[in-house]
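Student: So I've got this file, structure-v9.txt, and it contains compact mmCIF, C-alpha atoms and all ligand atoms:
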# COMPACT_ATOMS: atom_id res chain seq x y z
CA MET A 1 0.00 0.00 0.00
CA ALA A 2 1.21 3.48 -0.80
CA LEU A 3 2.40 5.66 2.02
CA ASP A 4 0.08 8.43 3.10
CA LEU A 5 -0.46 10.99 5.86
CA PHE A 6 -1.46 8.24 8.30
CA SER A 7 1.66 6.09 7.86
CA PRO A 8 3.97 6.12 10.88
CA THR A 9 7.57 7.21 10.34
CA THR A 10 10.68 8.44 12.06
CA LEU A 11 12.52 11.74 11.74
CA GLY A 12 16.00 11.05 13.12
CA ALA A 13 15.50 9.91 16.73
CA ILE A 14 11.84 10.98 16.81
CA SER A 15 9.13 8.41 16.02
CA LEU A 16 5.87 9.78 14.64
CA LYS A 17 2.52 7.98 14.75
CA ASN A 18 1.50 9.78 11.53
CA ARG A 19 2.96 12.26 9.04
CA ILE A 20 0.76 15.20 9.97
CA VAL A 21 2.91 17.87 11.63
CA MET A 22 1.64 20.92 13.45
CA ALA A 23 3.62 23.79 11.89
CA PRO A 24 5.23 26.48 14.06
CA LEU A 25 2.61 29.17 14.75
CA THR A 26 3.26 32.48 16.50
CA ARG A 27 0.34 33.12 18.87
CA ASN A 28 1.64 35.81 21.32
CA ARG A 29 0.07 34.36 24.46
CA ALA A 30 3.03 33.66 26.77
CA GLY A 31 3.05 35.02 30.34
CA GLU A 32 5.30 37.62 32.01
CA GLY A 33 8.98 37.05 31.36
CA GLY A 34 8.25 34.88 28.33
CA VAL A 35 7.05 32.04 30.56
CA PRO A 36 4.60 29.52 29.04
CA GLN A 37 1.38 29.20 31.06
CA ASP A 38 -1.19 26.47 31.74
CA LEU A 39 -3.23 27.91 28.84
CA ASN A 40 -0.33 27.25 26.46
CA ALA A 41 0.00 23.68 27.78
CA THR A 42 -3.71 23.13 27.14
CA TYR A 43 -3.39 24.48 23.57
CA TYR A 44 -0.47 22.21 22.66
CA SER A 45 -1.89 19.14 24.42
CA GLN A 46 -5.17 19.57 22.51
CA ARG A 47 -3.09 19.04 19.35
CA ALA A 48 -1.07 16.04 20.60
CA SER A 49 -2.59 13.65 18.04
CA ALA A 50 -0.32 15.23 15.42
CA GLY A 51 2.62 13.03 14.50
CA LEU A 52 4.84 15.92 15.62
CA ILE A 53 4.27 19.43 17.00
CA VAL A 54 6.76 22.18 16.16
CA THR A 55 6.32 24.93 18.74
CA GLU A 56 5.85 28.56 17.92
CA ALA A 57 9.13 30.35 17.19
CA THR A 58 10.87 30.91 20.54
CA PRO A 59 13.60 33.50 21.20
CA ILE A 60 16.95 32.10 22.34
CA SER A 61 17.98 35.30 24.14
CA PRO A 62 16.55 38.70 25.16
CA MET A 63 17.98 40.16 21.90
CA GLY A 64 16.11 37.51 19.92
CA HIS A 65 12.69 39.02 20.66
CA GLY A 66 10.69 40.92 18.07
CA TYR A 67 6.99 40.76 19.00
CA PRO A 68 4.90 41.04 22.18
CA ALA A 69 4.15 38.11 24.49
CA LEU A 70 6.56 35.60 22.97
CA PRO A 71 7.73 32.67 25.08
CA GLY A 72 11.51 32.42 25.56
CA ILE A 73 13.88 29.49 26.06
CA TYR A 74 16.76 30.95 28.08
CA THR A 75 15.61 31.34 31.76
CA ASP A 76 14.83 28.73 34.43
CA ALA A 77 11.25 30.00 34.72
CA GLN A 78 10.76 29.57 30.95
CA VAL A 79 12.15 26.02 31.14
CA ALA A 80 9.69 25.24 33.97
CA GLY A 81 6.83 26.69 31.91
CA TRP A 82 7.79 24.66 28.84
CA ARG A 83 8.08 21.53 31.02
CA LYS A 84 4.32 21.80 31.62
CA VAL A 85 3.82 21.87 27.86
CA THR A 86 6.05 18.88 27.06
CA ASP A 87 4.59 16.84 29.94
CA ALA A 88 1.04 17.54 28.76
CA VAL A 89 1.86 16.60 25.15
CA HIS A 90 3.78 13.47 26.14
CA ALA A 91 0.97 12.38 28.49
CA LYS A 92 -1.21 12.15 25.39
CA GLY A 93 1.41 10.24 23.38
CA GLY A 94 2.50 13.23 21.30
CA LYS A 95 5.94 14.43 20.20
CA ILE A 96 7.10 18.04 20.32
CA VAL A 97 10.18 19.96 19.21
CA LEU A 98 10.98 23.56 20.06
CA GLN A 99 11.72 26.11 17.34
CA LEU A 100 14.85 28.16 18.14
CA TRP A 101 14.55 31.78 17.00
CA HIS A 102 16.50 35.01 16.74
CA VAL A 103 14.59 37.73 14.88
CA GLY A 104 17.59 39.90 13.93
CA ARG A 105 16.38 43.16 12.38
CA ILE A 106 12.66 42.28 12.65
CA SER A 107 12.32 43.93 16.05
CA HIS A 108 12.15 47.32 17.72
CA PRO A 109 14.12 48.93 20.59
CA SER A 110 10.98 48.90 22.76
CA LEU A 111 11.06 45.08 22.66
CA LEU A 112 14.77 44.76 23.47
CA PRO A 113 16.87 45.08 26.66
CA ASN A 114 17.71 48.75 27.48
CA ASN A 115 16.02 49.84 24.27
CA ALA A 116 18.83 48.28 22.27
CA GLN A 117 19.07 48.73 18.51
CA PRO A 118 18.14 45.49 16.71
CA VAL A 119 21.05 43.58 15.14
CA ALA A 120 21.47 42.17 11.63
CA PRO A 121 24.18 41.09 9.18
CA SER A 122 24.07 44.58 7.60
CA ALA A 123 22.61 47.96 8.58
CA ILE A 124 19.59 47.78 6.27
CA LYS A 125 16.21 48.90 7.61
CA PRO A 126 13.34 46.61 6.62
CA ALA A 127 10.36 48.19 4.89
CA GLY A 128 7.27 48.05 7.07
CA GLN A 129 6.37 48.25 10.71
CA ALA A 130 7.18 46.37 13.90
CA PHE A 131 4.36 44.91 15.99
CA THR A 132 5.10 46.38 19.48
CA TYR A 133 3.26 46.79 22.80
CA GLN A 134 2.47 50.34 21.57
CA GLY A 135 1.02 49.10 18.27
CA LEU A 136 2.60 49.24 14.82
CA VAL A 137 5.77 51.35 14.69
CA ASP A 138 8.18 51.88 11.77
CA TYR A 139 11.18 49.56 11.81
CA VAL A 140 14.51 51.18 12.69
CA GLU A 141 17.86 50.69 11.02
CA PRO A 142 19.57 47.69 12.66
CA ARG A 143 23.19 47.66 13.76
CA ALA A 144 25.48 45.43 11.69
CA LEU A 145 26.92 42.68 13.86
CA ASP A 146 30.69 42.61 14.17
CA ALA A 147 32.11 39.18 13.32
CA SER A 148 33.47 39.05 16.87
CA GLU A 149 29.88 39.00 18.18
CA LEU A 150 28.79 35.92 16.23
CA PRO A 151 30.28 33.33 18.62
CA GLY A 152 28.12 34.87 21.36
CA ILE A 153 24.99 34.26 19.29
CA VAL A 154 26.13 30.69 18.58
CA ALA A 155 26.54 30.29 22.37
CA ASP A 156 22.97 31.56 22.84
CA PHE A 157 21.73 28.88 20.41
CA VAL A 158 23.65 26.25 22.40
CA HIS A 159 22.29 27.48 25.74
CA ALA A 160 18.74 27.55 24.36
CA THR A 161 19.18 24.01 23.03
CA GLN A 162 20.30 22.85 26.48
CA CYS A 163 17.27 24.60 27.99
CA ALA A 164 14.95 22.88 25.48
CA LEU A 165 16.37 19.46 26.31
CA THR A 166 16.01 20.19 30.06
CA ALA A 167 12.40 21.19 29.40
CA GLY A 168 11.74 17.73 27.94
CA PHE A 169 11.50 18.48 24.21
CA ASP A 170 12.03 15.63 21.75
CA GLY A 171 14.31 17.86 19.70
CA VAL A 172 14.78 21.35 18.31
CA GLU A 173 14.15 23.07 14.99
CA ILE A 174 16.51 25.89 13.94
CA HIS A 175 14.47 28.77 12.47
CA ALA A 176 16.36 29.87 9.36
CA ALA A 177 13.25 31.05 7.48
CA ASN A 178 10.89 33.98 6.93
CA GLY A 179 13.34 36.87 7.06
CA TYR A 180 14.71 36.45 10.59
CA LEU A 181 18.38 36.54 11.62
CA LEU A 182 19.71 33.35 10.00
CA ASP A 183 17.73 34.01 6.80
CA GLN A 184 19.05 37.61 6.82
CA PHE A 185 22.57 36.14 6.61
CA LEU A 186 21.59 33.72 3.83
CA ARG A 187 19.90 36.06 1.35
CA ASP A 188 21.79 38.82 -0.44
CA GLY A 189 19.09 41.49 -0.07
CA THR A 190 19.92 41.69 3.66
CA ASN A 191 23.54 40.55 3.68
CA LYS A 192 25.99 43.08 2.18
CA ARG A 193 28.92 42.04 4.37
CA THR A 194 32.45 42.09 3.02
CA ASP A 195 33.93 39.64 5.55
CA ASN A 196 33.80 35.82 5.65
CA TYR A 197 30.04 35.96 6.34
CA GLY A 198 29.00 37.87 3.20
CA GLY A 199 29.43 37.92 -0.55
CA SER A 200 29.63 34.38 -1.93
CA ILE A 201 26.96 31.77 -1.24
CA GLU A 202 29.51 29.83 0.82
CA ASN A 203 30.12 32.91 2.97
CA ARG A 204 26.44 33.76 3.42
CA ALA A 205 25.69 30.17 4.52
CA ARG A 206 28.62 30.11 6.97
CA PHE A 207 26.74 31.45 9.99
CA LEU A 208 23.84 29.01 9.56
CA LEU A 209 26.29 26.11 9.27
CA GLU A 210 28.19 27.25 12.38
CA VAL A 211 24.94 27.50 14.35
CA THR A 212 23.83 24.10 13.05
CA LYS A 213 27.11 22.44 14.01
CA ALA A 214 26.90 23.87 17.54
CA VAL A 215 23.26 22.82 18.00
CA VAL A 216 23.96 19.35 16.59
CA ASP A 217 26.96 18.96 18.92
CA THR A 218 24.63 19.81 21.83
CA ALA A 219 21.47 17.85 21.01
CA GLY A 220 22.71 15.12 18.67
CA SER A 221 22.08 15.38 14.94
CA ASP A 222 19.05 13.07 15.09
CA LYS A 223 17.16 15.57 17.26
CA VAL A 224 17.75 18.65 15.09
CA GLY A 225 15.69 19.97 12.18
CA ILE A 226 16.01 23.22 10.20
CA ARG A 227 13.35 25.41 8.61
CA ILE A 228 14.08 27.45 5.48
CA SER A 229 11.90 29.53 3.13
CA PRO A 230 13.88 30.06 -0.09
CA VAL A 231 11.46 32.44 -1.81
CA ASN A 232 9.27 33.87 0.93
CA PRO A 233 9.39 37.67 0.44
CA PHE A 234 7.80 38.33 3.87
CA ASN A 235 9.86 40.74 6.04
CA ASP A 236 11.24 42.54 2.97
CA MET A 237 13.42 39.65 1.80
CA GLN A 238 14.96 38.95 -1.58
CA ASP A 239 17.86 37.09 -3.14
CA GLY A 240 19.50 37.29 -6.55
CA ASN A 241 19.67 33.52 -7.09
CA PRO A 242 17.64 31.58 -4.52
CA GLN A 243 17.93 28.26 -6.40
CA ALA A 244 21.73 28.30 -6.29
CA LEU A 245 21.76 29.49 -2.66
CA PHE A 246 19.33 26.94 -1.29
CA ASN A 247 20.62 24.07 -3.42
CA TYR A 248 23.98 24.81 -1.80
CA VAL A 249 22.40 24.95 1.68
CA ALA A 250 20.50 21.66 1.20
CA ASN A 251 23.67 19.95 0.04
CA ALA A 252 25.83 21.46 2.80
CA LEU A 253 23.34 20.33 5.46
CA ASN A 254 23.92 16.70 4.40
CA GLN A 255 27.14 16.72 6.46
CA PHE A 256 25.07 16.80 9.67
CA ASN A 257 22.65 13.89 9.21
CA LEU A 258 19.78 16.02 10.54
CA ALA A 259 16.38 14.73 11.67
CA TYR A 260 14.77 16.74 8.85
CA LEU A 261 14.81 19.73 6.53
CA HIS A 262 11.59 21.79 6.68
CA ALA A 263 10.81 24.06 3.72
CA VAL A 264 8.18 26.75 3.28
CA GLU A 265 7.55 26.19 -0.43
CA GLY A 266 6.52 29.71 -1.43
CA GLY A 267 5.43 33.00 0.07
CA ILE A 268 3.51 33.21 3.35
CA HIS A 269 2.10 35.98 5.55
CA GLY A 270 1.05 38.14 2.60
CA GLY A 271 4.58 39.31 1.81
CA GLY A 272 3.85 39.46 -1.92
CA ASP A 273 4.58 37.19 -4.86
CA SER A 274 7.40 34.69 -4.60
CA GLU A 275 9.97 34.06 -7.31
CA PRO A 276 9.94 30.77 -9.22
CA PHE A 277 11.79 27.98 -7.45
CA ASN A 278 12.14 24.25 -8.08
CA PHE A 279 11.56 22.71 -4.65
CA ASP A 280 11.81 19.17 -6.00
CA GLU A 281 15.31 19.91 -7.30
CA MET A 282 16.44 21.22 -3.90
CA ARG A 283 14.69 18.39 -2.08
CA LYS A 284 16.51 15.74 -4.15
CA LEU A 285 19.89 17.22 -3.14
CA PHE A 286 19.03 16.72 0.53
CA LYS A 287 19.68 13.13 1.64
CA GLY A 288 17.53 13.17 4.79
CA SER A 289 13.83 13.52 5.61
CA TYR A 290 11.91 16.45 4.15
CA MET A 291 9.00 18.30 5.74
CA ALA A 292 6.90 20.33 3.28
CA ASN A 293 4.76 23.34 4.19
CA LEU A 294 2.58 25.78 2.26
CA ALA A 295 -1.18 25.60 2.12
CA TYR A 296 -1.22 21.81 1.70
CA ASP A 297 -4.62 20.17 2.15
CA LYS A 298 -5.22 16.46 2.77
CA ALA A 299 -5.16 15.45 -0.92
CA ARG A 300 -2.00 17.37 -1.78
CA GLY A 301 -0.35 16.14 1.39
CA ASN A 302 -1.08 12.53 0.49
CA GLU A 303 0.19 13.09 -3.06
CA ALA A 304 3.44 14.68 -1.85
CA ILE A 305 4.07 11.71 0.43
CA ALA A 306 3.09 9.05 -2.11
CA SER A 307 5.34 10.61 -4.78
CA GLY A 308 8.30 10.73 -2.41
CA HIS A 309 8.57 14.53 -2.56
CA ALA A 310 7.94 14.85 1.18
CA ASN A 311 8.24 12.53 4.18
CA VAL A 312 5.87 14.59 6.34
CA ILE A 313 3.64 17.64 5.85
CA ALA A 314 3.41 20.62 8.22
CA TYR A 315 -0.04 22.21 8.51
CA GLY A 316 -0.33 25.71 9.94
CA VAL A 317 -3.67 27.54 9.73
CA PRO A 318 -5.67 24.25 9.75
CA TYR A 319 -4.08 23.49 13.13
CA ILE A 320 -5.21 26.79 14.60
CA GLY A 321 -8.86 25.90 14.06
CA ASN A 322 -8.72 22.11 14.35
CA PRO A 323 -7.06 20.57 17.39
CA ASP A 324 -8.17 17.16 16.08
CA LEU A 325 -6.98 17.72 12.51
CA VAL A 326 -5.72 14.10 12.28
CA GLU A 327 -9.15 12.71 13.17
CA ARG A 328 -10.86 15.11 10.77
CA TYR A 329 -8.58 14.12 7.89
CA LYS A 330 -9.03 10.45 8.75
CA THR A 331 -12.82 10.70 8.65
CA ASN A 332 -13.04 13.34 5.89
CA ALA A 333 -14.87 15.59 8.32
CA VAL A 334 -15.51 19.27 7.70
CA LEU A 335 -12.80 21.59 9.08
CA ASN A 336 -13.41 24.50 11.45
CA GLN A 337 -12.37 27.80 9.87
CA ALA A 338 -9.64 29.61 11.81
CA ASP A 339 -10.48 33.21 12.76
CA ASP A 340 -7.58 35.47 11.77
CA ALA A 341 -8.70 38.18 14.22
CA THR A 342 -7.46 35.97 17.07
CA PHE A 343 -4.24 34.63 15.50
CA TYR A 344 -1.87 36.98 17.35
CA GLY A 345 -2.42 37.74 21.02
CA GLY A 346 -5.46 37.57 23.27
CA SER A 347 -6.85 34.89 25.51
CA GLU A 348 -8.34 31.41 25.21
CA LYS A 349 -10.74 32.80 22.60
CA GLY A 350 -9.57 31.59 19.21
CA TYR A 351 -6.82 29.59 20.95
CA THR A 352 -8.13 26.71 23.04
CA ASP A 353 -11.87 26.99 22.30
CA TYR A 354 -12.08 25.47 18.80
CA PRO A 355 -14.43 22.47 19.03
CA PHE A 356 -13.38 18.86 18.63
CA LEU A 357 -15.50 16.66 16.36
CA ASN A 358 -17.33 15.01 19.26
CA GLN A 359 -18.25 18.33 20.89
C1 LIG B 401 3.80 35.69 11.83
C2 LIG B 401 3.84 36.69 12.75
C3 LIG B 401 4.92 36.81 13.57
C4 LIG B 401 5.97 35.92 13.47
C5 LIG B 401 7.46 33.37 11.13
C6 LIG B 401 7.72 33.53 13.50
O1 LIG B 401 6.97 33.77 10.10
C7 LIG B 401 7.05 33.93 12.43
C8 LIG B 401 5.95 34.90 12.53
C9 LIG B 401 4.83 34.79 11.72
O2 LIG B 401 8.32 32.50 11.11
If you took the structure in this file and wrote it as C-alpha cells, what would it be?
Ligand code: 8OZ

Tutor:
Amino acid sequence: MALDLFSPTTLGAISLKNRIVMAPLTRNRAGEGGVPQDLNATYYSQRASAGLIVTEATPISPMGHGYPALPGIYTDAQVAGWRKVTDAVHAKGGKIVLQLWHVGRISHPSLLPNNAQPVAPSAIKPAGQAFTYQGLVDYVEPRALDASELPGIVADFVHATQCALTAGFDGVEIHAANGYLLDQFLRDGTNKRTDNYGGSIENRARFLLEVTKAVVDTAGSDKVGIRISPVNPFNDMQDGNPQALFNYVANALNQFNLAYLHAVEGGIHGGGDSEPFNFDEMRKLFKGSYMANLAYDKARGNEAIASGHANVIAYGVPYIGNPDLVERYKTNAVLNQADDATFYGGSEKGYTDYPFLNQ
C-alpha cells in the first residue's frame, strides 16, 4: 500500500505515529517574562494527536525578541513553563520539538533590553512596521553585527538548546526562514557584508552552518531539524539567485545527518509574490527527511508523500482551528475555519476553544 499521511515514520531519533505535523505558529500568548502558562500547555496538548508538533518560534535570548508576548527558552522560569507543555503533550502520546529563534532586524528597541538597537548582518532597515506593545511602529535601522559578536549568538543557540532538552522536548528546529536573523545572513538582499560571512553563497551560509554544528553537537544530529523559506518575500526579503543558494544549503546540510529539513515552499504571511523555485530539485539534493509546508490540504499532502517529494507535511492555519486535525482528515470531516482576528495575542478565545469533532 502506498504511504500516506497516516503512515507512521521516524525523523531522526523521533518516532511519529502519523505524518501530519503541526507547523510552528506564533500566537503571542506567553506570560510575564516569556514564561509559558497552563493555557499554552492546554493548547499544545489539545493538538497532541499530530505526528509531531513544532512549537511557535521561541527567542533564544533577550535580543532575539521581536513581537509582544513571545515565550523564551533561556531562563529557568521559561524552562519550567515549557516543562508543563512537554509533559502535557507526552501524556497524550504526542511528540514536540521547540523552534529556536532570533529575529535579527525584525524587532524594535521597545522590545529589546535597554532599548537596544536590533542587530542584523548589515545595517539595512526593513520596509514596514514592527508589531510592538504600543502598536505598529516603523522599523529602525539595525546595527550590523561585528564578526566578533557571532560566537556569542552561537553560544545563545547552544544554551537555548540545552534549555529545550532540560524542558523535555524531543528535539529542536533551527528557524532559518521567513526573514529572521539566519535568513538575513543567507539572502543577499539583507547581507551586504564584506567579511567571511558575506558575498559568496559559501560565505552567506557560513553562519547558519556554524549555528547548526553547535546545536547538533549539543542535542545530537538526530534531534535537530532546520526550517528554510527560499522564496518567501515576507519581512522585505529577496535574493539574486535563490535556487543556487538553497541548493547549496540543502547539500551542505547533508554533512550533519539532521532529523529533517523543513521548507516553506513559497510565500507566506502576505509578503507578496514569490519568485519561481524548483523545490523538488532542492529536495533531491538533501539526503535526509523532508517536511513540506505551504497551504497543503489532505489530498495534496497525500500526493506529496506518495510521490516521495515529502516525508511529512506541516499544517499551519488548519491546526489553529482544528485541534483534532488528524481525526478530521481520517474521517473526511468538515474543518473548522480559523479566525484570523485571534491569531496573534489575546486569551483562550480563538486559541483553546475550537471544538473537537465530538463536541
Ligand atoms: C507571523 C507573525 C509573527 C511571526 C514566522 C515567527 O513567520 C514567524 C511569525 C509569523 O516565522

Student: Please identify every polymer residue within 8 Å of ligand LIG 401 (chain B), using only C-alpha atoms and all ligand atoms, and present the set as number ranges by chain.

Tutor: A: 24-27, 56-57, 67, 101, 175, 177-180, 234, 268-269, 344

Student: Nearest to Tyr354 of chain A among A:Lys287, A:His90, A:Arg47, A:His102, with distances taken over all atoms listed in the file: which residue is it?

Tutor: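 Of A:Lys287, A:His90, A:Arg47, A:His102, the one nearest Tyr354 of chain A is A:Arg47, counting all atoms listed in the file.
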
Student: Can you pull out the residues contacting Leu258 of chain A? Cut-off 7 Å, using only C-alpha atoms, and skip same-chain residues under 6 positions away; I want them as a PyMOL selection string.

Tutor: chain A and resi 12+221-222+224-225+288

Student: Contacts of segment 136-145 of chain A at 10 Å or less, counting all atoms listed in the file, minus same-chain residues fewer than 6 places along, as a PyMOL selection string?

Tutor: chain A and resi 104-110+116-130+191-193

Student: Calculate how many Å separate atom CA of Gly94 of chain A from atom CA of Ser45 of chain A, rounding to one decimal.

Tutor: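 Separation between atom CA of Gly94 of chain A and atom CA of Ser45 of chain A: 8.0 Å.
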
Student: Name all residues at most 8 Å from segment 2-9 of chain A (count all atoms listed in the file; drop same-chain ones fewer than 3 positions away) and give them as a PyMOL selection string.

Tutor: chain A and resi 15-20+51+298+301-303+305-306+312-313+330

Student: Which residue out of A:Ser347, A:Gln99, A:Thr166, A:Asn247 has the minimum interatomic distance to Lys284 of chain A when only C-alpha atoms are used?

Tutor: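 Under the stated criterion, the closest residue is A:Asn247.
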
Student: Around segment 267-284 of chain A, with edges along x, y and z and 4 Å added on all six sides, what centre and edge lengths do you get, in Å to one decimal, as AutoDock Vina command-line options?

Tutor:
--center_x 8.8 --center_y 27.6 --center_z -1.8 --size_x 23.5 --size_y 31.7 --size_z 22.8

Student: Which residue, A:Ser148, A:Asn322, A:Thr58, A:Asn28, has the smallest gap to Asn40 of chain A when you use only C-alpha atoms?

Tutor: A:Asn28

Student: If we count only C-alpha atoms and set the cut-off at 12 Å, which residues sit around Gly240 of chain A, ignoring sequence neighbours fewer than 2 positions away in its own chain? Please answer as number ranges by chain.

Tutor: A: 186-191, 199-201, 230-231, 237-238, 242-246, 275-276

Student: Need the neighbours of (-10.5, 27.1, 23.0): which residues are at most 10 Å away, counting all atoms listed in the file, as a VMD selection string?

Tutor: chain A and resid 39 42 to 43 46 320 to 321 323 347 to 356

Student: Could you tell me how far atom CA of Pro36 of chain A sits from atom CA of Gly135 of chain A, in Å to one decimal place?

Tutor: 22.6 Å

Student: Using only C-alpha atoms, which protein or nucleic acid residues come within 10 Å of Val85 of chain A? Drop anything in the same chain fewer than 2 positions from it, and give the result as a PyMOL selection string.

Tutor: chain A and resi 36-45+55+79-83+87-91+96+167-169

Student: Can I get the selection written as a PDB file, keeping the file's coordinate frame, with C-alpha atoms?

Tutor:
ATOM      1  CA  PRO A  36       4.600  29.520  29.040  1.00  0.00           C
ATOM      2  CA  GLN A  37       1.380  29.200  31.060  1.00  0.00           C
ATOM      3  CA  ASP A  38      -1.190  26.470  31.740  1.00  0.00           C
ATOM      4  CA  LEU A  39      -3.230  27.910  28.840  1.00  0.00           C
ATOM      5  CA  ASN A  40      -0.330  27.250  26.460  1.00  0.00           C
ATOM      6  CA  ALA A  41       0.000  23.680  27.780  1.00  0.00           C
ATOM      7  CA  THR A  42      -3.710  23.130  27.140  1.00  0.00           C
ATOM      8  CA  TYR A  43      -3.390  24.480  23.570  1.00  0.00           C
ATOM      9  CA  TYR A  44      -0.470  22.210  22.660  1.00  0.00           C
ATOM     10  CA  SER A  45      -1.890  19.140  24.420  1.00  0.00           C
ATOM     11  CA  THR A  55       6.320  24.930  18.740  1.00  0.00           C
ATOM     12  CA  VAL A  79      12.150  26.020  31.140  1.00  0.00           C
ATOM     13  CA  ALA A  80       9.690  25.240  33.970  1.00  0.00           C
ATOM     14  CA  GLY A  81       6.830  26.690  31.910  1.00  0.00           C
ATOM     15  CA  TRP A  82       7.790  24.660  28.840  1.00  0.00           C
ATOM     16  CA  ARG A  83       8.080  21.530  31.020  1.00  0.00           C
ATOM     17  CA  ASP A  87       4.590  16.840  29.940  1.00  0.00           C
ATOM     18  CA  ALA A  88       1.040  17.540  28.760  1.00  0.00           C
ATOM     19  CA  VAL A  89       1.860  16.600  25.150  1.00  0.00           C
ATOM     20  CA  HIS A  90       3.780  13.470  26.140  1.00  0.00           C
ATOM     21  CA  ALA A  91       0.970  12.380  28.490  1.00  0.00           C
ATOM     22  CA  ILE A  96       7.100  18.040  20.320  1.00  0.00           C
ATOM     23  CA  ALA A 167      12.400  21.190  29.400  1.00  0.00           C
ATOM     24  CA  GLY A 168      11.740  17.730  27.940  1.00  0.00           C
ATOM     25  CA  PHE A 169      11.500  18.480  24.210  1.00  0.00           C
TER      26      PHE A 169
END

Student: Hey, can you check how far atom CA of Ala219 of chain A sits from atom CA of Gln162 of chain A?

Tutor: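 For atom CA of Ala219 of chain A relative to atom CA of Gln162 of chain A, the distance reads 7.5 Å.
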
Student: I need the residue nearest Ile73 of chain A from this list: A:Leu11, A:Ile174, A:Leu165, A:Ile60. Use all atoms listed in the file for the distance.

Tutor: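 Looking at the shortest contact to Ile73 of chain A, the residue is A:Ile60.
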